[in-house]
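So this one's final_21.cif, mmCIF, C-alpha atoms:
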data_coords
loop_
_atom_site.group_PDB
_atom_site.id
_atom_site.type_symbol
_atom_site.label_atom_id
_atom_site.label_comp_id
_atom_site.auth_asym_id
_atom_site.auth_seq_id
_atom_site.Cartn_x
_atom_site.Cartn_y
_atom_site.Cartn_z
ATOM 1 C CA MET M 185 -69.699 -7.127 -0.897
ATOM 2 C CA ARG M 186 -68.856 -4.274 -3.293
ATOM 3 C CA SER M 187 -65.469 -5.732 -4.252
ATOM 4 C CA SER M 188 -67.095 -9.113 -4.764
ATOM 5 C CA LEU M 189 -69.732 -7.513 -7.001
ATOM 6 C CA VAL M 190 -67.132 -5.681 -9.113
ATOM 7 C CA ARG M 191 -64.961 -8.785 -9.357
ATOM 8 C CA GLN M 192 -67.892 -10.922 -10.489
ATOM 9 C CA ALA M 193 -69.061 -8.301 -12.982
ATOM 10 C CA LEU M 194 -65.561 -8.102 -14.457
ATOM 11 C CA ILE M 195 -65.342 -11.885 -14.752
ATOM 12 C CA LEU M 196 -68.674 -12.017 -16.604
ATOM 13 C CA ALA M 197 -67.686 -9.098 -18.850
ATOM 14 C CA ALA M 198 -64.422 -10.847 -19.726
ATOM 15 C CA LEU M 199 -66.154 -14.203 -20.308
ATOM 16 C CA ALA M 200 -68.597 -12.626 -22.772
ATOM 17 C CA LEU M 201 -65.717 -11.044 -24.662
ATOM 18 C CA VAL M 202 -64.381 -14.434 -25.779
ATOM 19 C CA PRO M 203 -67.355 -15.676 -27.863
ATOM 20 C CA GLY M 204 -68.112 -12.082 -28.906
ATOM 21 C CA LEU M 205 -64.665 -11.737 -30.456
ATOM 22 C CA GLY M 206 -64.965 -15.167 -32.049
ATOM 23 C CA GLN M 207 -68.272 -14.232 -33.617
ATOM 24 C CA ALA M 208 -66.911 -10.901 -34.853
ATOM 25 C CA ILE M 209 -64.085 -12.754 -36.610
ATOM 26 C CA TYR M 210 -66.532 -15.309 -38.047
ATOM 27 C CA PHE M 211 -68.799 -12.533 -39.410
ATOM 28 C CA ARG M 212 -65.951 -10.286 -40.619
ATOM 29 C CA ASP M 213 -66.980 -10.583 -44.263
ATOM 30 C CA ARG M 214 -70.720 -10.277 -43.680
ATOM 31 C CA VAL M 215 -70.941 -6.923 -41.934
ATOM 32 C CA SER M 216 -69.462 -3.545 -42.707
ATOM 33 C CA TRP M 217 -67.879 -1.787 -39.717
ATOM 34 C CA ARG M 218 -68.029 1.545 -41.544
ATOM 35 C CA SER M 219 -71.663 2.090 -42.539
ATOM 36 C CA PRO M 220 -75.032 0.481 -41.724
ATOM 37 C CA ILE M 221 -76.022 0.485 -45.361
ATOM 38 C CA PRO M 222 -73.355 0.039 -47.994
ATOM 39 C CA ALA M 223 -72.874 3.271 -49.926
ATOM 40 C CA SER M 224 -73.870 1.369 -53.052
ATOM 41 C CA GLU M 225 -77.408 0.910 -51.654
ATOM 42 C CA MET M 226 -78.059 4.576 -50.786
ATOM 43 C CA VAL M 227 -79.152 7.184 -53.312
ATOM 44 C CA THR M 228 -79.955 10.874 -53.169
ATOM 45 C CA VAL M 229 -83.313 12.224 -54.297
ATOM 46 C CA THR M 230 -81.609 13.853 -57.288
ATOM 47 C CA GLN M 231 -79.996 10.585 -58.390
ATOM 48 C CA ALA M 232 -83.262 8.664 -58.056
ATOM 49 C CA ARG M 233 -85.186 11.339 -59.962
ATOM 50 C CA ALA M 234 -82.688 11.069 -62.782
ATOM 51 C CA TRP M 235 -83.673 7.404 -63.247
ATOM 52 C CA GLY M 236 -87.117 8.632 -64.325
ATOM 53 C CA GLU M 237 -89.363 5.851 -65.597
ATOM 54 C CA ASN M 238 -86.714 3.243 -64.782
ATOM 55 C CA ALA M 239 -87.418 3.536 -61.071
ATOM 56 C CA ILE M 240 -90.329 2.447 -58.909
ATOM 57 C CA TRP M 241 -90.768 4.613 -55.823
ATOM 58 C CA ILE M 242 -91.862 2.843 -52.657
ATOM 59 C CA ASP M 243 -93.352 4.738 -49.725
ATOM 60 C CA ALA M 244 -92.563 2.784 -46.529
ATOM 61 C CA ARG M 245 -94.398 5.191 -44.212
ATOM 62 C CA PRO M 246 -97.667 4.280 -42.443
ATOM 63 C CA ASP M 247 -100.898 4.403 -44.508
ATOM 64 C CA GLU M 248 -102.168 7.685 -43.064
ATOM 65 C CA GLU M 249 -98.953 9.515 -43.965
ATOM 66 C CA PHE M 250 -99.018 8.040 -47.464
ATOM 67 C CA ALA M 251 -102.650 9.134 -47.846
ATOM 68 C CA ARG M 252 -101.780 12.677 -46.758
ATOM 69 C CA ASP M 253 -99.105 13.118 -49.416
ATOM 70 C CA HIS M 254 -96.455 11.109 -51.226
ATOM 71 C CA VAL M 255 -94.017 11.177 -54.110
ATOM 72 C CA PRO M 256 -96.071 11.212 -57.332
ATOM 73 C CA GLY M 257 -96.433 7.687 -58.675
ATOM 74 C CA ALA M 258 -95.068 6.076 -55.499
ATOM 75 C CA LEU M 259 -96.588 2.815 -54.266
ATOM 76 C CA SER M 260 -97.300 2.230 -50.592
ATOM 77 C CA LEU M 261 -95.465 -0.743 -49.065
ATOM 78 C CA ASN M 262 -95.161 -0.702 -45.298
ATOM 79 C CA GLU M 263 -94.582 -3.441 -42.763
ATOM 80 C CA ASP M 264 -98.021 -3.025 -41.169
ATOM 81 C CA ARG M 265 -99.724 -4.343 -44.317
ATOM 82 C CA TRP M 266 -96.774 -6.128 -45.900
ATOM 83 C CA ASN M 267 -98.638 -9.261 -47.033
ATOM 84 C CA GLU M 268 -101.446 -7.217 -48.541
ATOM 85 C CA LEU M 269 -99.319 -4.598 -50.297
ATOM 86 C CA LEU M 270 -96.430 -6.733 -51.552
ATOM 87 C CA PRO M 271 -98.441 -8.439 -54.365
ATOM 88 C CA GLN M 272 -99.605 -5.011 -55.597
ATOM 89 C CA PHE M 273 -96.000 -3.847 -55.723
ATOM 90 C CA LEU M 274 -94.776 -7.034 -57.443
ATOM 91 C CA ALA M 275 -97.442 -6.599 -60.109
ATOM 92 C CA ALA M 276 -95.933 -3.210 -60.976
ATOM 93 C CA TRP M 277 -92.312 -4.358 -60.696
ATOM 94 C CA SER M 278 -90.180 -5.517 -63.603
ATOM 95 C CA PRO M 279 -86.567 -6.776 -63.502
ATOM 96 C CA GLU M 280 -85.094 -3.821 -65.371
ATOM 97 C CA LYS M 281 -86.533 -1.300 -62.917
ATOM 98 C CA LYS M 282 -84.697 0.056 -59.905
ATOM 99 C CA VAL M 283 -86.605 0.135 -56.608
ATOM 100 C CA VAL M 284 -86.299 3.317 -54.547
ATOM 101 C CA VAL M 285 -87.576 3.163 -50.961
ATOM 102 C CA TYR M 286 -88.170 6.120 -48.657
ATOM 103 C CA CYS M 287 -89.669 6.793 -45.227
ATOM 104 C CA GLY M 288 -90.242 9.939 -43.172
ATOM 105 C CA SER M 289 -86.783 11.319 -42.560
ATOM 106 C CA GLU M 290 -83.108 10.530 -42.020
ATOM 107 C CA GLY M 291 -83.924 9.136 -38.558
ATOM 108 C CA CYS M 292 -86.602 6.661 -39.612
ATOM 109 C CA ASN M 293 -85.937 2.972 -40.071
ATOM 110 C CA ALA M 294 -88.893 1.815 -42.143
ATOM 111 C CA SER M 295 -87.211 2.320 -45.527
ATOM 112 C CA ARG M 296 -84.178 0.265 -44.485
ATOM 113 C CA GLU M 297 -86.415 -2.525 -43.206
ATOM 114 C CA VAL M 298 -88.589 -2.573 -46.319
ATOM 115 C CA ALA M 299 -85.475 -2.507 -48.526
ATOM 116 C CA ARG M 300 -83.943 -5.332 -46.493
ATOM 117 C CA ARG M 301 -87.074 -7.450 -46.796
ATOM 118 C CA LEU M 302 -87.361 -6.805 -50.519
ATOM 119 C CA ARG M 303 -83.789 -8.011 -50.980
ATOM 120 C CA LYS M 304 -84.022 -10.956 -48.577
ATOM 121 C CA GLU M 305 -87.605 -12.173 -48.827
ATOM 122 C CA ALA M 306 -88.598 -11.097 -52.338
ATOM 123 C CA GLN M 307 -85.028 -11.656 -53.650
ATOM 124 C CA LEU M 308 -85.110 -8.397 -55.627
ATOM 125 C CA PRO M 309 -81.930 -6.806 -56.965
ATOM 126 C CA ASN M 310 -81.393 -3.045 -57.336
ATOM 127 C CA VAL M 311 -83.174 -1.902 -54.180
ATOM 128 C CA PHE M 312 -82.054 1.518 -52.920
ATOM 129 C CA VAL M 313 -82.838 3.689 -49.907
ATOM 130 C CA ILE M 314 -83.311 7.439 -50.291
ATOM 131 C CA GLU M 315 -80.994 9.558 -48.139
ATOM 132 C CA GLY M 316 -83.094 11.831 -45.930
ATOM 133 C CA GLY M 317 -86.399 10.233 -46.953
ATOM 134 C CA TRP M 318 -89.602 12.221 -47.435
ATOM 135 C CA GLU M 319 -88.185 15.326 -45.718
ATOM 136 C CA GLU M 320 -85.375 15.461 -48.256
ATOM 137 C CA TRP M 321 -87.866 15.025 -51.091
ATOM 138 C CA LEU M 322 -89.873 17.992 -49.794
ATOM 139 C CA LYS M 323 -86.728 20.148 -49.676
ATOM 140 C CA THR M 324 -85.748 19.325 -53.244
ATOM 141 C CA ARG M 325 -89.324 19.793 -54.487
ATOM 142 C CA LYS M 326 -89.341 23.429 -53.389
ATOM 143 C CA MET C 28 -79.865 2.381 40.397
ATOM 144 C CA LYS C 29 -77.705 0.506 38.031
ATOM 145 C CA ARG C 30 -79.235 0.074 34.588
ATOM 146 C CA THR C 31 -78.506 -3.055 32.694
ATOM 147 C CA LEU C 32 -78.657 -3.286 28.930
ATOM 148 C CA GLU C 33 -81.204 -5.849 27.984
ATOM 149 C CA PRO C 34 -81.587 -7.157 24.472
ATOM 150 C CA GLY C 35 -84.546 -5.690 22.650
ATOM 151 C CA PRO C 36 -87.083 -7.780 20.849
ATOM 152 C CA HIS C 37 -85.166 -7.459 17.605
ATOM 153 C CA LEU C 38 -82.052 -8.960 19.164
ATOM 154 C CA SER C 39 -83.584 -11.808 21.074
ATOM 155 C CA PRO C 40 -83.659 -15.180 19.350
ATOM 156 C CA LEU C 41 -87.037 -16.349 18.245
ATOM 157 C CA PRO C 42 -88.715 -18.871 20.504
ATOM 158 C CA GLU C 43 -88.480 -22.369 19.080
ATOM 159 C CA GLY C 44 -92.190 -22.587 18.287
ATOM 160 C CA GLU C 45 -92.146 -19.328 16.379
ATOM 161 C CA GLU C 46 -89.001 -20.368 14.526
ATOM 162 C CA ASN C 47 -90.700 -23.576 13.413
ATOM 163 C CA ALA C 48 -93.816 -21.680 12.375
ATOM 164 C CA GLN C 49 -91.804 -19.321 10.178
ATOM 165 C CA ARG C 50 -89.804 -22.042 8.461
ATOM 166 C CA PRO C 51 -92.435 -22.937 5.803
ATOM 167 C CA VAL C 52 -92.830 -19.219 5.009
ATOM 168 C CA ARG C 53 -89.063 -18.870 4.507
ATOM 169 C CA VAL C 54 -88.908 -21.992 2.352
ATOM 170 C CA ALA C 55 -91.824 -20.778 0.220
ATOM 171 C CA SER C 56 -90.225 -17.360 -0.103
ATOM 172 C CA ARG C 57 -86.936 -18.918 -1.180
ATOM 173 C CA ILE C 58 -88.713 -21.026 -3.807
ATOM 174 C CA VAL C 59 -90.554 -17.989 -5.158
ATOM 175 C CA TRP C 60 -87.311 -16.023 -5.482
ATOM 176 C CA ARG C 61 -85.607 -18.964 -7.191
ATOM 177 C CA ILE C 62 -88.455 -19.035 -9.696
ATOM 178 C CA VAL C 63 -87.963 -15.297 -10.297
ATOM 179 C CA ASP C 64 -84.223 -15.937 -10.805
ATOM 180 C CA VAL C 65 -84.925 -18.661 -13.355
ATOM 181 C CA ILE C 66 -87.574 -16.651 -15.236
ATOM 182 C CA ILE C 67 -85.455 -13.498 -15.458
ATOM 183 C CA GLY C 68 -82.318 -15.495 -16.297
ATOM 184 C CA GLY C 69 -84.261 -17.421 -18.947
ATOM 185 C CA ILE C 70 -85.591 -14.219 -20.507
ATOM 186 C CA PHE C 71 -82.047 -12.877 -20.927
ATOM 187 C CA ILE C 72 -80.716 -16.165 -22.289
ATOM 188 C CA TYR C 73 -83.549 -16.229 -24.835
ATOM 189 C CA ALA C 74 -83.067 -12.556 -25.755
ATOM 190 C CA GLY C 75 -79.311 -13.030 -26.124
ATOM 191 C CA ALA C 76 -79.622 -16.227 -28.183
ATOM 192 C CA ILE C 77 -81.992 -14.593 -30.682
ATOM 193 C CA LYS C 78 -79.599 -11.687 -31.164
ATOM 194 C CA VAL C 79 -76.541 -13.931 -31.459
ATOM 195 C CA LEU C 80 -78.187 -15.565 -34.478
ATOM 196 C CA ASP C 81 -78.488 -12.243 -36.345
ATOM 197 C CA PRO C 82 -75.848 -9.764 -35.124
ATOM 198 C CA VAL C 83 -76.180 -7.580 -38.227
ATOM 199 C CA GLN C 84 -79.857 -6.992 -37.509
ATOM 200 C CA PHE C 85 -79.052 -6.228 -33.862
ATOM 201 C CA ALA C 86 -76.379 -3.737 -34.961
ATOM 202 C CA THR C 87 -79.044 -2.023 -37.075
ATOM 203 C CA ASP C 88 -81.401 -1.984 -34.091
ATOM 204 C CA ILE C 89 -78.741 -0.325 -31.902
ATOM 205 C CA ASP C 90 -77.923 2.135 -34.665
ATOM 206 C CA ASN C 91 -81.598 3.142 -34.887
ATOM 207 C CA TYR C 92 -81.300 4.849 -31.514
ATOM 208 C CA LYS C 93 -78.906 7.335 -33.165
ATOM 209 C CA ILE C 94 -76.780 7.543 -30.023
ATOM 210 C CA LEU C 95 -73.659 5.634 -31.037
ATOM 211 C CA PRO C 96 -71.530 5.541 -34.160
ATOM 212 C CA TRP C 97 -72.148 2.538 -36.422
ATOM 213 C CA THR C 98 -68.753 0.978 -35.623
ATOM 214 C CA ILE C 99 -69.559 0.860 -31.902
ATOM 215 C CA SER C 100 -73.048 -0.467 -32.659
ATOM 216 C CA VAL C 101 -71.486 -3.372 -34.559
ATOM 217 C CA GLY C 102 -69.046 -4.063 -31.710
ATOM 218 C CA LEU C 103 -71.865 -4.044 -29.158
ATOM 219 C CA ALA C 104 -73.997 -6.258 -31.403
ATOM 220 C CA PHE C 105 -71.316 -8.949 -31.164
ATOM 221 C CA TYR C 106 -70.690 -8.473 -27.455
ATOM 222 C CA LEU C 107 -73.964 -7.639 -25.657
ATOM 223 C CA PRO C 108 -75.944 -10.794 -26.552
ATOM 224 C CA TRP C 109 -73.214 -12.983 -25.045
ATOM 225 C CA LEU C 110 -73.057 -10.764 -21.968
ATOM 226 C CA GLU C 111 -76.830 -11.092 -21.569
ATOM 227 C CA MET C 112 -76.624 -14.871 -21.864
ATOM 228 C CA PHE C 113 -73.749 -15.231 -19.392
ATOM 229 C CA CYS C 114 -75.512 -12.977 -16.880
ATOM 230 C CA GLY C 115 -78.775 -14.907 -17.386
ATOM 231 C CA LEU C 116 -76.889 -18.126 -16.705
ATOM 232 C CA ALA C 117 -75.343 -16.550 -13.600
ATOM 233 C CA LEU C 118 -78.840 -15.889 -12.216
ATOM 234 C CA ILE C 119 -80.041 -19.412 -12.928
ATOM 235 C CA LEU C 120 -76.916 -21.231 -11.721
ATOM 236 C CA ARG C 121 -76.293 -18.808 -8.837
ATOM 237 C CA ARG C 122 -72.633 -18.466 -9.753
ATOM 238 C CA LEU C 123 -71.249 -14.900 -10.037
ATOM 239 C CA TYR C 124 -74.792 -13.973 -9.035
ATOM 240 C CA LEU C 125 -74.149 -10.436 -7.802
ATOM 241 C CA GLY C 126 -72.117 -9.563 -10.887
ATOM 242 C CA GLY C 127 -74.796 -10.905 -13.224
ATOM 243 C CA LEU C 128 -77.552 -9.121 -11.368
ATOM 244 C CA SER C 129 -75.762 -5.760 -11.382
ATOM 245 C CA ILE C 130 -74.813 -5.958 -15.082
ATOM 246 C CA LEU C 131 -78.358 -6.882 -16.132
ATOM 247 C CA THR C 132 -79.861 -4.129 -13.981
ATOM 248 C CA ALA C 133 -77.492 -1.584 -15.537
ATOM 249 C CA LEU C 134 -78.198 -2.863 -19.070
ATOM 250 C CA VAL C 135 -81.972 -2.656 -18.655
ATOM 251 C CA ALA C 136 -81.741 0.801 -17.047
ATOM 252 C CA VAL C 137 -79.576 2.128 -19.906
ATOM 253 C CA PHE C 138 -81.880 0.541 -22.459
ATOM 254 C CA LEU C 139 -84.955 2.104 -20.805
ATOM 255 C CA VAL C 140 -83.403 5.577 -20.834
ATOM 256 C CA ALA C 141 -82.332 5.144 -24.473
ATOM 257 C CA THR C 142 -85.830 3.973 -25.471
ATOM 258 C CA ILE C 143 -87.538 6.903 -23.779
ATOM 259 C CA ALA C 144 -84.984 9.341 -25.236
ATOM 260 C CA ALA C 145 -85.559 7.906 -28.717
ATOM 261 C CA LYS C 146 -89.315 8.301 -28.305
ATOM 262 C CA VAL C 147 -88.919 11.892 -27.127
ATOM 263 C CA ARG C 148 -86.707 12.608 -30.161
ATOM 264 C CA GLY C 149 -89.429 11.167 -32.407
ATOM 265 C CA LEU C 150 -87.311 8.302 -33.717
ATOM 266 C CA ASP C 151 -89.111 5.450 -35.410
ATOM 267 C CA ILE C 152 -87.224 2.631 -33.711
ATOM 268 C CA THR C 153 -87.291 -1.130 -33.666
ATOM 269 C CA CYS C 154 -86.439 -2.303 -30.180
ATOM 270 C CA GLY C 155 -84.626 -5.473 -31.185
ATOM 271 C CA CYS C 156 -84.795 -6.782 -27.632
ATOM 272 C CA PHE C 157 -86.228 -10.113 -28.735
ATOM 273 C CA GLY C 158 -85.239 -10.075 -32.382
ATOM 274 C CA HIS C 159 -88.060 -10.202 -34.904
ATOM 275 C CA ALA C 160 -90.497 -11.384 -32.222
ATOM 276 C CA SER C 161 -90.571 -7.854 -30.790
ATOM 277 C CA GLN C 162 -90.578 -5.915 -34.055
ATOM 278 C CA ASN C 163 -94.279 -5.150 -34.016
ATOM 279 C CA TRP C 164 -94.509 -4.236 -30.351
ATOM 280 C CA ASN C 165 -95.606 -0.681 -29.702
ATOM 281 C CA PHE C 166 -93.891 1.731 -27.344
ATOM 282 C CA PRO C 167 -96.131 1.121 -24.283
ATOM 283 C CA THR C 168 -95.585 -2.647 -24.618
ATOM 284 C CA HIS C 169 -91.807 -2.155 -24.729
ATOM 285 C CA LEU C 170 -91.935 0.163 -21.774
ATOM 286 C CA ALA C 171 -94.173 -2.109 -19.690
ATOM 287 C CA LEU C 172 -91.974 -5.163 -20.305
ATOM 288 C CA ASP C 173 -88.755 -3.275 -19.579
ATOM 289 C CA LEU C 174 -90.175 -1.795 -16.379
ATOM 290 C CA ALA C 175 -91.386 -5.226 -15.250
ATOM 291 C CA ILE C 176 -87.935 -6.744 -15.845
ATOM 292 C CA LEU C 177 -86.209 -3.813 -14.150
ATOM 293 C CA GLY C 178 -88.599 -4.147 -11.188
ATOM 294 C CA ALA C 179 -87.819 -7.857 -10.860
ATOM 295 C CA LEU C 180 -84.056 -7.215 -11.076
ATOM 296 C CA LEU C 181 -84.262 -4.484 -8.422
ATOM 297 C CA ALA C 182 -86.320 -6.750 -6.175
ATOM 298 C CA LEU C 183 -83.683 -9.473 -6.535
ATOM 299 C CA SER C 184 -80.969 -6.897 -5.769
ATOM 300 C CA VAL C 185 -82.731 -5.660 -2.629
ATOM 301 C CA ARG C 186 -83.062 -9.251 -1.481
ATOM 302 C CA VAL C 187 -79.305 -9.852 -1.551
ATOM 303 C CA LEU C 188 -78.349 -6.557 0.072
ATOM 304 C CA PRO C 189 -76.213 -6.999 3.210
ATOM 305 C CA GLY C 190 -78.346 -7.130 6.331
ATOM 306 C CA ASN C 191 -81.386 -8.475 4.589
ATOM 307 C CA ARG C 192 -82.519 -11.571 6.465
ATOM 308 C CA LEU C 193 -83.555 -13.206 3.239
ATOM 309 C CA GLN C 194 -80.089 -12.939 1.776
ATOM 310 C CA ASN C 195 -78.741 -16.292 0.816
ATOM 311 C CA ALA C 196 -76.921 -15.719 -2.401
ATOM 312 C CA VAL C 197 -73.478 -14.565 -3.399
#

Write the structure described by the file as structure tokens, please.
Amino acid sequence: MRSSLVRQALILAALALVPGLGQAIYFRDRVSWRSPIPASEMVTVTQARAWGENAIWIDARPDEEFARDHVPGALSLNEDRWNELLPQFLAAWSPEKKVVVYCGSEGCNASREVARRLRKEAQLPNVFVIEGGWEEWLKTRK
Amino acid sequence: MKRTLEPGPHLSPLPEGEENAQRPVRVASRIVWRIVDVIIGGIFIYAGAIKVLDPVQFATDIDNYKILPWTISVGLAFYLPWLEMFCGLALILRRLYLGGLSILTALVAVFLVATIAAKVRGLDITCGCFGHASQNWNFPTHLALDLAILGALLALSVRVLPGNRLQNAV
């Protein structure tokens, strides 16, 4: 039974490889194998600060964390209340401004998701994600 | 006095009446297990199909666990959905059944451990198991669903173990 199990598992693993490889070739120009976010879409806190008034800061963390503390002037835009908060953000946005999104830390995903949705759904250009998020901001503030 | 070895009750064939009485139970049991096969197989085909449509998003979901390098996450994002679908099909069609069952059990077990480890490490993760449909699920929901699927897969595995009287699949 064990040899039959291994043989069957290997057959299935090999079968799945065929369309998987085909899809990887088909998508070769649409995904980077080097980095999850292209380097051009990541910025450091220092870089984003240097943009001054030309940047809108977006806090992608949950409401309670935003209420506790946030980057001065930042607007809250999280996925929990996306439909409610997006119009408020769009009212403050203008085409010449860069959008800088952050979440809790390097390990969080909310800023990437919000940035992705702003690019895809709201069709906004110049959307960046802060390296290290809020934790990095706190370090540079000190 | 010479002792003769007599077959015990577990070795003796069932009387014909008892055999007939048990037949509907066995048929019903077989139908129930087939339904479980189809449901579990269907879940994996659905989950795989959703991820095949957006491999970049799935790569991001794998990367969120912060266990593997991005390059491997991308490779897995192209490969795992197809593996899930083939294994799901194996359960439904009962071809390469044991292989499909063992791969899916291993996948769900690894995924469960990774999910719990991510939670312990305080990572804010998107599961990605069912694409965007599962994005707003909370941790207990993920855990409950994964445990239910793992339980069903283990039950199916126990059923096809050698020696089990209910075994009827290879």

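Minimum atom-to-atom distance to Trp109 in chain C, evaluated using all atoms listed in the file, belongs to M:Leu205 out of M:Ile242, M:Leu194, M:Leu205, M:Ala275.
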
Near chain C, which residues of chain M fall within 7 Å when you count all atoms listed in the file, and what do they look like as a ChimeraX atom specification?
/M:189-190,192-193,196-197,200-201,204,207-208,215,217-220,291-293

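A straight line drawn from CA of Gly69 in chain C to CA of Gly206 in chain M is 23.4 Å long.
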
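What separates CA of Trp241 in chain M from CA of Val285 in chain M is a distance of 6.0 Å.
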
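Among the candidate residues M:Val283, M:Arg325, M:Arg296, M:Ser289, the one lying nearest to Ala239 in chain M is M:Val283, with distances computed using all atoms listed in the file.
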
Could you tell me which residues the PyMOL selection byres ((chain C and resi 136-144) around 8) grabs in this file, written as a PyMOL selection string?
chain C and resi 92+132-135+145-148+154+170+173-174+177

With the file shown as input, list the residues that the PyMOL selection byres ((chain M and resi 232) around 12) selects, as a PyMOL selection string.
chain M and resi 225-231+233-242+255+281-286+310-315+317+321+324

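CA of Arg57 in chain C to CA of Leu180 in chain C spans 15.6 Å [interatomic distance, one decimal].
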
In file coordinates, which residues lie within 10 Å of (-83.3, -14.3, -19.7) using all atoms listed in the file, given as an NGL selection string?
:C and (64-76 or 111-116 or 118-119 or 131 or 176)

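Near Glu319 in chain M, within 9 Å and counting all atoms listed in the file, sit M:Cys287, M:Gly288, M:Ser289, M:Glu290, not including residues fewer than 6 positions from it in the same chain.
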